[in-house]
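Step one of this worksheet: look at the structure below.
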There are 2 protein chains.
Amino acid sequence: MKTASEYATLSPEMQSRMDAYWRAANYLSVGQIYLLDNPLLNEPLALEHIKPRLLGHWGTTPGLNFIHVHLNRLIKAHDLNMIFICGPGHGGPAMVANAWLEGTYSERYPNVSLDREGMRALFKQFSFPGGVPSHVAPETPGSIHEGGELGYALSHAYGAVFDNPDLIACCVVGDGEAETGPLAASWHSNKFLNPARDGAVLPILHLNGYKIANPTILSRIDQDELIKLFEGYGYRPYLVEGSDPAAVHPRMAEALDRCLDEIRAIQQTVRSGQSWSRPKWPMIILRTPKGWTGPESVDGKKTEDFWRSHQVPLANLADNPAHIEMLEQWFLSYRPEELFDAQGTPKPELLELAPRGQRRISDNPHANGGVLLRDLRLPDFRDYALEIPAPGAVEAEATRVMGKFLRDVMRGNLEQRNFRIFGPDETASNRWDAVFEATPRVWEEKILPEDTDLARDGRVMEILSEHTCQGWLEGYLLTGRHGFFSCYEAFIHIVDSMFNQHAKWLKTCNHIPWRRPIASLNYLLTSHVWRQDHNGFSHQDPGFIDHVVNKKAEVVRVYFPPDANTLLSVTDHVLRSRNYVNVVVAGKQPAPQWLTMDQAIKHCHAGIGVWEWASNDLGKEPDVVMACAGDVPTLETLAAVDILRTQIPDLKIRVINVVDLMKLQPPGEHPHGLSDRDFEQLFTSDKPIVFAYHGYPWLIHRLTYRRPNHENLHVRGYKEEGTTSTPFDMVVMNDIDRFHLAIDVIDRVPRLKERAVYLKQYFKGKLIDHKHYIRIHGEDMPEIREWKWPAETAGLQMQAG
Amino acid sequence: MKTASEYATLSPEMQSRMDAYWRAANYLSVGQIYLLDNPLLNEPLALEHIKPRLLGHWGTTPGLNFIHVHLNRLIKAHDLNMIFICGPGHGGPAMVANAWLEGTYSERYPNVSLDREGMRALFKQFSFPGGVPSHVAPETPGSIHEGGELGYALSHAYGAVFDNPDLIACCVVGDGEAETGPLAASWHSNKFLNPARDGAVLPILHLNGYKIANPTILSRIDQDELIKLFEGYGYRPYLVEGSDPAAVHPRMAEALDRCLDEIRAIQQTVRSGQSWSRPKWPMIILRTPKGWTGPESVDGKKTEDFWRSHQVPLANLADNPAHIEMLEQWFLSYRPEELFDAQGTPKPELLELAPRGQRRISDNPHANGGVLLRDLRLPDFRDYALEIPAPGAVEAEATRVMGKFLRDVMRGNLEQRNFRIFGPDETASNRWDAVFEATPRVWEEKILPEDTDLARDGRVMEILSEHTCQGWLEGYLLTGRHGFFSCYEAFIHIVDSMFNQHAKWLKTCNHIPWRRPIASLNYLLTSHVWRQDHNGFSHQDPGFIDHVVNKKAEVVRVYFPPDANTLLSVTDHVLRSRNYVNVVVAGKQPAPQWLTMDQAIKHCHAGIGVWEWASNDLGKEPDVVMACAGDVPTLETLAAVDILRTQIPDLKIRVINVVDLMKLQPPGEHPHGLSDRDFEQLFTSDKPIVFAYHGYPWLIHRLTYRRPNHENLHVRGYKEEGTTSTPFDMVVMNDIDRFHLAIDVIDRVPRLKERAVYLKQYFKGKLIDHKHYIRIHGEDMPEIREWKWPAETAGLQMQAG
């Protein structure tokens, strides 16, 4: 380690150039917020040069620009591979200004050239119709992080550096964002970072003191507590503070040099094979004024270093000529004539400060992960197929079979180091434990002799924070890798809003030519609503699907594989897909298996289809269509079919199973949607349809209300009834069990009308038997537990089909 | 402060009785998980005594029981008013066992008497069909916290003690839960607790070392880091650790005595009027083995003090007679003969240890907040009415008007101290700033001279964590008080899963006679999808409504007041309501005002109605129904009506506005639902309906697909298009603007067919003008910005109507 004096690295000349660069970025930022025209102030500033609507966030911007120029110095001095995760992404002008100064902006958007015309375009487009959003967005070169919804910066940063040993993600965490739950948890990501295999995160907690209208917690607690908090989180914090730029520049440069030295020392120690324990990674706490260099006060009210600079410090310029003058003075305070030549191009001595090529933060390929993406090496999923001699003849835990496939996906890509799986302490519970044969969980804390499947270089990421899992995975995907997230179905709602932001990011990227496709975000939702045996009502919620389908059809996919072989086929498919969010819902409990692998592949390829072996309409018009989506609804539907066919042998039933939920939507609304003609061929034009659906029933109506024969569609699903009870009781409580489904059929087939009373009495009797039985025995009736699809019928039909 | 020796308060005799009490609770817990019968082991344990399905969580239970008996001692010794927030609520057997030992269980459920028969019932009912859930649930006396979804224990605890100066909420935080984001953020709640006015929270971080299948982070970091982390959070942590109960009992007793002394010292200092700064509140870090006192190892695998005791340590008893024997030994290790008499009643010397009456944790009235609930003193909301000379003649910011009403609600209840408002740094941004005339924000950190509306005894709760706001509010409501939460519409998704759990709690409470109704959880969603002017796509998401309506109709309500007077009426209504979640969506931007207060009251009372002053069908069949829900859709609908009536004077339009979204659902699905007859009278049986809706359009279809005339319903809404642009451009991007609505009408009214081409060309031209105009000027066309509902027509119609 160097001594303190050795860190005095910033020469006066360098400091002065860096300060000029910073002033340039600030000038360009204020320009974006305010100016329509007159970008170089060649004329006196007048109202007509100013945007009629002033939109954006000044407060955080000068701090971000300050950090940026210092990172540039560090990158250049050490030829670093560094990305910048900008937590306060609402400070969009900063990242855009820097991308322009680095030349990247003009490379991606040639109309925004590095001259006066380009500067004018740069200013005008910001927060302007037809232009760019006010936040750091997919349109911003160098970013993988929007930052509008706060909380995910640090988990994105960690996700980005996993398996990227040379990468450093500098992550600015605003003191507003630091108050959020997801951010507070994600500091602990350092317990999952392996210094040998992974890169480094350099967090900069930016205490600028204020949020929209309040001070921030961390800026007002005693310094003693502040330091302890981050030491307690396992970091070595360096404080940099001040409001006089001349004083803060050298402090910042020194702190960054120290941090880089520490990072390298840690990495060298570990990579040289010396013994090590989890290092205390360095971080910076930067305390500078909010709205730094902006108007000190406006209309007599404190503005700089206060929450009033959060958005636009000087507003209502049309009514207030004095404000126009203040604005002009503000611009001039950056001494633009020293920064730009007469053509509006930044002076060469400034441009020189930026790194070159892909070392530029705005051009780092990790921030456009698609360019680095390599396909996964996938084993043939058919090799994991279960043998199915006849439908229902075999029982298996679907997700356990999936786990074996994932184990070999993991093995096949250990060398590429581009696949990880994520979950909140549920990998084993969700029956993916075979993966541990390929790799353990990653764990950088103490490991005890009795511990199972924990190692410093494991590739299974488990922390009891859905937010952190999701953030890591997003960061991992956005930098060009692959992953799978398994979660209890009910608790995936914890990341509803994170999913929103990722789906929005993907949707926008689809329309940006230079953004290359990334691997899809894949969820396995298991331990689902119908089988929360150890828990109860709090664990029963299938609503994430409803949430997902609100997002753009072009980026979301939902799958309900009914058994293990279909789950294998779907898993292979989603791992190959790009730019989607794939939601796969499948059970982990032992359940009957229906399809051979060949059948499964065909079925998944179609996404929806008639199960001829379970149907007896023999290609003619049925009396009723029984449709199902989801493993438990499929089981109950088939059991109902069996019962109905036994009781009413002349009843013609068509069984339809849905794997790909999006098939139900009209093709105009989702690219997977069946044509109306195909839909009608499946569901008939006038026969009753009894549809047993995994989730809230109205979703099926919402997807199909424009479809032919919708008026005859009757959907059963989860209607928010539940507690700790038996598996069959759960379906009974929600009227989606075999007996209710049978009654639904009887109620709807006109020619059964005469027999209806008798038949229904029989089924209702069964339901009473059930209630009676479980209250005494605490488990389901043997005839329920032991029910099997009648093999002889099935075998016959399979040969026929 | 006392010296160390003075804290040696636990006499050997007391310790022995407490240990017996603990053993009794453990016995009762294991009994709940395992036994159907033979509760006192009067016969040798046999398979038929054991439940066929073993469900529950043993791991955390003995630790909870341990804490419970120690709290009982403390409560009794000091006559404390204490509730117990059980973060690991999945350890349901513990809370149930203790409620039974305290007698409360038998008081609430007389069939579960305090004897052998009752013990048998207690055991059998647990996780058993028709019985009680495996978690701490609404059915559990003494609880306001389910604990199945982890993360909210501490914010619930703080919410409970706000404004309850005598109350102490002991809050157990499991080390699993401690990894979640919401929990990590909520430690900072101590910055919002006023020792004079509020009670105290005593957090017990329970390091039992393991989650489902992993070690926990906090149990494996160095003690130095652990202590610093909590000192950094602002607490004074006391460590209690060990696995030998004889050693841990006195340590725990001492730590609790110290904590109580510190709490009292803090409160006395502050309450005596001495000067103070935010105190370092005490907390306990309790490190005991997971599955303490359970089987040390099972089948040769480490079980006690390991993750294998998370759920049911001994399973598959039917196949494994040796396990039955181990189970019997486990029961006997508690020496039940010392604990219960021959009748199964706990021995008197045990019963004596429990506090009496409402001092019992299981009977504390704060844990059944409805019994303490006092109505708010509400001013007459009509006094805040805006004068509306004619529809659209006045502009106002609706939420600002609401803020004035809330200011006086706040004032009126300052003495009762039972009303607070909550928000993530958005109270002012959401235009509720009038409230600051009644009370500032609460802030226990340093306050600077320039700070605005901050004080130690403020009643506005702002932290940049939606999770913490929601958790505080839930805790506040569940203990019998009132509140309102304002939030940016898009970011309320952050608490989707918390809403789920609260709605599930309310739904269950509706069926528990002794649970008394509590005040509704009220959301104002503003800064909504249509007016995120400073931000953009990340801030545009109206999907929380879709999420809410998935929950039981009996507990959810959604309101779209279209202007300030309707918002006042709705606000008054929701503040009076009980046991609901009310979602109120309203804009904060200046917008035209439509209804006089009298009209507003009538309209809100009906929830939906024809706006006759905007309609020209004069009570006859219209050519088209134009419906709207939400302030911006209402504006665009009325503008479309104006344009259409100008262009096509003979077109008969009926305008319907929806305030109460639930009116649309069939009455069988929601208690607010209109009858089909009323629905048909409004929407006609065959006329086209063009419906402009605030959120995702398919929600309207999902609510109405069974309604008459649904086939003619055409809905416009947010279709996930957006960026930073002008307000009008946002509606244009989503086809819900006046011109698109007009085109929709023309496309659907048959008798306009001949004129359609010409008319549509006119409106499409307007859309082109718009695009052109905003790209040059950056703001909306004057004819859009300055459009007003034609006053003369309106005036006329109002007189007529």
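To be explicit about the labels: the chains of the structure tokens are called A, B, and onward in the order shown, and within each one the residues are counted from 1, while ligands get numbers from 1 in the order they are shown.
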For chain B, which residues have at least one atom within 6 Å of chain A, if we go by only C-alpha atoms? Write them as a PyMOL selection string, please.
chain B and resi 55-56+127-129+133-134+148+179-182+184-185+225-226+228-229+232+464-465+493-494+497+534-535+538+702+723-725+775+778
Saved selection, atoms kept: N, CA, C and O atoms, as a compact mmCIF listing (two decimals), in the first residue's frame:
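Once written, out_11.txt looks like this:
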# COMPACT_ATOMS: atom_id res chain seq x y z
N LEU B 55 -47.20 -31.16 8.87
CA LEU B 55 -47.05 -29.85 8.25
C LEU B 55 -46.75 -28.81 9.31
O LEU B 55 -47.47 -28.72 10.31
N GLY B 56 -45.75 -28.03 9.08
CA GLY B 56 -45.47 -26.96 10.02
C GLY B 56 -43.98 -26.67 10.04
O GLY B 56 -43.20 -27.28 9.31
N SER B 127 -52.85 -27.06 11.34
CA SER B 127 -52.56 -27.47 9.96
C SER B 127 -53.45 -28.62 9.52
O SER B 127 -53.03 -29.47 8.73
N PHE B 128 -54.65 -28.65 10.03
CA PHE B 128 -55.54 -29.77 9.77
C PHE B 128 -56.80 -29.23 9.09
O PHE B 128 -57.25 -28.13 9.42
N PRO B 129 -57.36 -29.97 8.15
CA PRO B 129 -58.58 -29.49 7.49
C PRO B 129 -59.64 -29.07 8.49
O PRO B 129 -59.92 -29.81 9.44
N PRO B 133 -54.52 -22.52 10.43
CA PRO B 133 -53.36 -22.56 9.53
C PRO B 133 -52.08 -22.85 10.29
O PRO B 133 -52.01 -22.71 11.52
N SER B 134 -51.06 -23.20 9.55
CA SER B 134 -49.78 -23.55 10.17
C SER B 134 -49.02 -22.31 10.64
O SER B 134 -48.08 -22.42 11.42
N GLY B 148 -45.79 -14.98 7.01
CA GLY B 148 -45.50 -15.93 5.95
C GLY B 148 -44.64 -15.30 4.87
O GLY B 148 -43.66 -15.87 4.42
N GLU B 179 -32.62 -10.75 5.82
CA GLU B 179 -31.98 -10.61 4.51
C GLU B 179 -32.86 -9.88 3.49
O GLU B 179 -32.38 -9.47 2.44
N THR B 180 -34.15 -9.74 3.79
CA THR B 180 -35.04 -9.11 2.81
C THR B 180 -34.83 -7.61 2.77
O THR B 180 -34.40 -7.00 3.76
N GLY B 181 -35.16 -7.03 1.64
CA GLY B 181 -35.03 -5.60 1.48
C GLY B 181 -35.91 -4.81 2.43
O GLY B 181 -35.43 -3.91 3.15
N PRO B 182 -37.21 -5.10 2.45
CA PRO B 182 -38.08 -4.30 3.31
C PRO B 182 -37.62 -4.30 4.76
O PRO B 182 -37.66 -3.28 5.44
N ALA B 184 -34.51 -4.82 5.84
CA ALA B 184 -33.23 -4.10 5.94
C ALA B 184 -33.46 -2.60 6.02
O ALA B 184 -32.76 -1.89 6.74
N ALA B 185 -34.45 -2.11 5.28
CA ALA B 185 -34.74 -0.68 5.32
C ALA B 185 -35.41 -0.27 6.62
O ALA B 185 -35.21 0.84 7.12
N GLU B 225 -18.51 -7.08 12.71
CA GLU B 225 -19.36 -6.50 11.66
C GLU B 225 -20.82 -6.47 12.11
O GLU B 225 -21.53 -5.49 11.88
N LEU B 226 -21.23 -7.56 12.73
CA LEU B 226 -22.62 -7.65 13.17
C LEU B 226 -22.98 -6.51 14.11
O LEU B 226 -24.00 -5.83 13.94
N LYS B 228 -21.36 -3.67 14.52
CA LYS B 228 -21.27 -2.38 13.84
C LYS B 228 -22.50 -2.11 12.99
O LYS B 228 -22.99 -0.98 12.91
N LEU B 229 -22.97 -3.16 12.34
CA LEU B 229 -24.14 -2.97 11.47
C LEU B 229 -25.30 -2.39 12.26
O LEU B 229 -25.93 -1.41 11.85
N GLY B 232 -24.60 0.99 13.50
CA GLY B 232 -24.75 1.88 12.36
C GLY B 232 -26.21 2.20 12.08
O GLY B 232 -26.55 3.31 11.66
N LEU B 464 -38.14 7.33 1.97
CA LEU B 464 -38.16 6.91 0.57
C LEU B 464 -38.16 5.38 0.49
O LEU B 464 -37.26 4.76 -0.06
N SER B 465 -39.17 4.80 1.09
CA SER B 465 -39.34 3.36 1.04
C SER B 465 -40.83 3.09 1.10
O SER B 465 -41.46 3.22 2.16
N HIS B 493 -46.75 -0.37 -7.08
CA HIS B 493 -46.46 -1.79 -7.37
C HIS B 493 -45.37 -2.33 -6.46
O HIS B 493 -45.27 -3.55 -6.29
N ILE B 494 -44.54 -1.44 -5.93
CA ILE B 494 -43.47 -1.89 -5.04
C ILE B 494 -44.06 -2.64 -3.85
O ILE B 494 -43.44 -3.56 -3.33
N SER B 497 -47.08 -7.02 -3.08
CA SER B 497 -47.20 -8.23 -2.27
C SER B 497 -47.62 -7.89 -0.85
O SER B 497 -48.28 -8.68 -0.19
N HIS B 534 -42.27 14.98 -15.67
CA HIS B 534 -40.83 15.10 -15.44
C HIS B 534 -40.09 13.78 -15.66
O HIS B 534 -38.88 13.75 -15.63
N ASN B 535 -40.83 12.72 -15.78
CA ASN B 535 -40.17 11.43 -15.81
C ASN B 535 -40.42 10.76 -17.15
O ASN B 535 -40.07 11.30 -18.18
N SER B 538 -40.75 4.75 -17.24
CA SER B 538 -40.61 3.97 -16.00
C SER B 538 -41.64 4.38 -14.96
O SER B 538 -41.91 3.64 -14.03
N ARG B 702 -62.78 -7.33 -18.47
CA ARG B 702 -62.78 -8.39 -17.48
C ARG B 702 -63.89 -8.19 -16.46
O ARG B 702 -64.48 -9.15 -15.98
N THR B 723 -43.34 7.84 -22.91
CA THR B 723 -41.98 8.36 -22.74
C THR B 723 -42.15 9.76 -22.14
O THR B 723 -43.25 10.12 -21.70
N THR B 724 -41.07 10.52 -22.06
CA THR B 724 -41.21 11.91 -21.63
C THR B 724 -41.76 12.70 -22.82
O THR B 724 -41.07 12.84 -23.82
N SER B 725 -42.99 13.16 -22.71
CA SER B 725 -43.55 13.97 -23.81
C SER B 725 -44.61 14.90 -23.23
O SER B 725 -44.70 15.06 -22.01
N ARG B 775 -43.46 18.64 -32.06
CA ARG B 775 -42.04 18.42 -32.38
C ARG B 775 -41.31 19.74 -32.63
O ARG B 775 -40.10 19.81 -32.51
N GLY B 778 -42.66 21.81 -28.70
CA GLY B 778 -42.41 21.13 -27.43
C GLY B 778 -43.54 21.28 -26.43
O GLY B 778 -43.39 20.90 -25.26
DSSP on the backbone: what in region 341-438 of chain B comes out strand (DSSP E or B), as an mmCIF file with C-alpha atoms, in the first residue's frame?
data_model
loop_
_atom_site.group_PDB
_atom_site.id
_atom_site.type_symbol
_atom_site.label_atom_id
_atom_site.label_comp_id
_atom_site.auth_asym_id
_atom_site.auth_seq_id
_atom_site.Cartn_x
_atom_site.Cartn_y
_atom_site.Cartn_z
ATOM 1 C CA PRO B 346 -50.960 -27.002 32.988
ATOM 2 C CA VAL B 394 -62.785 26.444 -13.230
ATOM 3 C CA GLU B 395 -59.389 24.768 -13.136
ATOM 4 C CA ALA B 396 -57.925 23.248 -9.988
ATOM 5 C CA GLU B 397 -55.496 20.658 -8.732
ATOM 6 C CA PHE B 419 -54.443 9.889 12.293
ATOM 7 C CA ARG B 420 -51.241 10.042 10.262
ATOM 8 C CA ILE B 421 -50.421 10.314 6.609
ATOM 9 C CA PHE B 422 -47.705 8.355 4.881
ATOM 10 C CA GLY B 423 -45.759 8.694 1.687
#
Straight-line distance linking CA of Ala247 (chain B) with CA of Asp341 (chain B), stated in Å to one decimal:
27.9 Å
Surrounding residues of region 648-664 of chain A excluding itself and chain neighbours under 6 positions, 9 Å, only C-alpha atoms, as a ChimeraX atom specification
/A:549,553,556-562,566,570,603-604,606-630,634,637-638,641,670-675,679,682-683,691,700,703-704,707,752
What are the DSSP helix (DSSP H, G or I) residues of region 614-711 of chain A, as a ChimeraX atom specification?
/A:614,631-647,661-664,676-683,698-704,710-711
Same residues, N, CA and C atoms, output as a short mmCIF file (atom, residue, chain, number, x, y, z; two decimals), in the first residue's frame:
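Printed below is selection23.cif as written:
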data_model
loop_
_atom_site.label_atom_id
_atom_site.label_comp_id
_atom_site.auth_asym_id
_atom_site.auth_seq_id
_atom_site.Cartn_x
_atom_site.Cartn_y
_atom_site.Cartn_z
N ALA A 614 -57.36 -38.48 -24.38
CA ALA A 614 -58.26 -38.24 -23.25
C ALA A 614 -59.66 -37.87 -23.74
N ASP A 631 -50.73 -27.68 -14.13
CA ASP A 631 -50.66 -29.12 -13.82
C ASP A 631 -51.82 -29.61 -12.96
N VAL A 632 -52.15 -28.87 -11.92
CA VAL A 632 -53.26 -29.32 -11.07
C VAL A 632 -54.60 -29.24 -11.81
N PRO A 633 -54.89 -28.15 -12.50
CA PRO A 633 -56.13 -28.14 -13.29
C PRO A 633 -56.18 -29.26 -14.34
N THR A 634 -55.04 -29.62 -14.89
CA THR A 634 -55.02 -30.72 -15.87
C THR A 634 -55.40 -32.03 -15.19
N LEU A 635 -54.81 -32.24 -14.02
CA LEU A 635 -55.14 -33.45 -13.27
C LEU A 635 -56.63 -33.51 -12.96
N GLU A 636 -57.17 -32.41 -12.46
CA GLU A 636 -58.59 -32.41 -12.08
C GLU A 636 -59.49 -32.56 -13.31
N THR A 637 -59.08 -31.96 -14.41
CA THR A 637 -59.87 -32.09 -15.63
C THR A 637 -59.90 -33.54 -16.10
N LEU A 638 -58.73 -34.18 -16.10
CA LEU A 638 -58.70 -35.58 -16.56
C LEU A 638 -59.48 -36.48 -15.61
N ALA A 639 -59.37 -36.20 -14.32
CA ALA A 639 -60.15 -37.00 -13.37
C ALA A 639 -61.64 -36.80 -13.61
N ALA A 640 -62.03 -35.56 -13.91
CA ALA A 640 -63.43 -35.28 -14.20
C ALA A 640 -63.87 -36.00 -15.47
N VAL A 641 -62.99 -36.01 -16.47
CA VAL A 641 -63.31 -36.71 -17.72
C VAL A 641 -63.53 -38.19 -17.44
N ASP A 642 -62.65 -38.75 -16.65
CA ASP A 642 -62.76 -40.17 -16.30
C ASP A 642 -64.10 -40.45 -15.62
N ILE A 643 -64.42 -39.63 -14.63
CA ILE A 643 -65.66 -39.83 -13.89
C ILE A 643 -66.87 -39.65 -14.81
N LEU A 644 -66.81 -38.62 -15.63
CA LEU A 644 -67.95 -38.35 -16.51
C LEU A 644 -68.12 -39.49 -17.52
N ARG A 645 -67.00 -39.97 -18.05
CA ARG A 645 -67.12 -41.04 -19.05
C ARG A 645 -67.61 -42.33 -18.42
N THR A 646 -67.26 -42.52 -17.15
CA THR A 646 -67.77 -43.70 -16.46
C THR A 646 -69.27 -43.57 -16.22
N GLN A 647 -69.66 -42.38 -15.75
CA GLN A 647 -71.08 -42.18 -15.40
C GLN A 647 -71.95 -41.98 -16.63
N LEU A 661 -49.99 -19.83 -22.82
CA LEU A 661 -51.21 -19.07 -22.52
C LEU A 661 -51.51 -18.04 -23.60
N MET A 662 -50.47 -17.55 -24.23
CA MET A 662 -50.64 -16.46 -25.20
C MET A 662 -51.35 -16.94 -26.46
N LYS A 663 -51.47 -18.27 -26.65
CA LYS A 663 -52.22 -18.80 -27.78
C LYS A 663 -53.68 -18.36 -27.72
N LEU A 664 -54.16 -18.08 -26.53
CA LEU A 664 -55.57 -17.75 -26.38
C LEU A 664 -55.89 -16.36 -26.89
N ASP A 676 -58.56 -16.83 -35.33
CA ASP A 676 -59.92 -17.13 -34.86
C ASP A 676 -60.40 -18.47 -35.43
N ARG A 677 -59.98 -18.76 -36.64
CA ARG A 677 -60.42 -20.02 -37.25
C ARG A 677 -59.87 -21.21 -36.49
N ASP A 678 -58.58 -21.16 -36.19
CA ASP A 678 -58.00 -22.26 -35.42
C ASP A 678 -58.62 -22.35 -34.04
N PHE A 679 -58.89 -21.18 -33.47
CA PHE A 679 -59.50 -21.16 -32.14
C PHE A 679 -60.86 -21.85 -32.19
N GLU A 680 -61.61 -21.50 -33.22
CA GLU A 680 -62.96 -22.06 -33.34
C GLU A 680 -62.91 -23.56 -33.62
N GLN A 681 -61.90 -23.97 -34.39
CA GLN A 681 -61.78 -25.40 -34.65
C GLN A 681 -61.52 -26.17 -33.36
N LEU A 682 -60.76 -25.57 -32.49
CA LEU A 682 -60.48 -26.24 -31.21
C LEU A 682 -61.68 -26.17 -30.28
N PHE A 683 -62.18 -24.96 -30.11
CA PHE A 683 -63.17 -24.74 -29.04
C PHE A 683 -64.61 -24.80 -29.55
N TRP A 698 -60.64 -14.96 -14.24
CA TRP A 698 -61.01 -13.89 -15.17
C TRP A 698 -59.92 -13.59 -16.19
N LEU A 699 -58.70 -14.02 -15.91
CA LEU A 699 -57.65 -13.78 -16.91
C LEU A 699 -58.00 -14.47 -18.23
N ILE A 700 -58.56 -15.67 -18.13
CA ILE A 700 -58.92 -16.40 -19.36
C ILE A 700 -59.99 -15.62 -20.12
N HIS A 701 -60.92 -15.03 -19.40
CA HIS A 701 -61.94 -14.21 -20.08
C HIS A 701 -61.30 -12.98 -20.70
N ARG A 702 -60.39 -12.37 -20.00
CA ARG A 702 -59.76 -11.16 -20.51
C ARG A 702 -58.98 -11.46 -21.78
N LEU A 703 -58.44 -12.68 -21.88
CA LEU A 703 -57.67 -13.03 -23.08
C LEU A 703 -58.57 -13.42 -24.25
N THR A 704 -59.80 -13.84 -23.95
CA THR A 704 -60.63 -14.48 -24.99
C THR A 704 -61.95 -13.77 -25.26
N HIS A 710 -67.06 -17.34 -27.08
CA HIS A 710 -66.71 -16.90 -25.73
C HIS A 710 -67.92 -16.97 -24.80
N GLU A 711 -69.10 -16.77 -25.34
CA GLU A 711 -70.28 -16.75 -24.48
C GLU A 711 -70.53 -18.11 -23.82
#
To one decimal place in Å, what is the distance between CA of Val409 (chain B) and CA of Tyr384 (chain B)?
11.8 Å
Quick check, in Å to one decimal: how far apart do CA of Tyr7 (chain A) and CA of Ala253 (chain A) lie?
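We find that CA of Tyr7 (chain A) and CA of Ala253 (chain A) lie 8.3 Å from each other.
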Please provide the set of residues having any atom within 8 Å of Arg716 (chain A), restricted to only C-alpha atoms, with same-chain residues fewer than 5 positions apart removed, written as a ChimeraX atom specification.
/A:690-693,697,734-736
Excluding same-chain residues fewer than 3 positions from Val161 (chain A), what lies within 8 Å of it counting only C-alpha atoms, as a count of residues only?
12
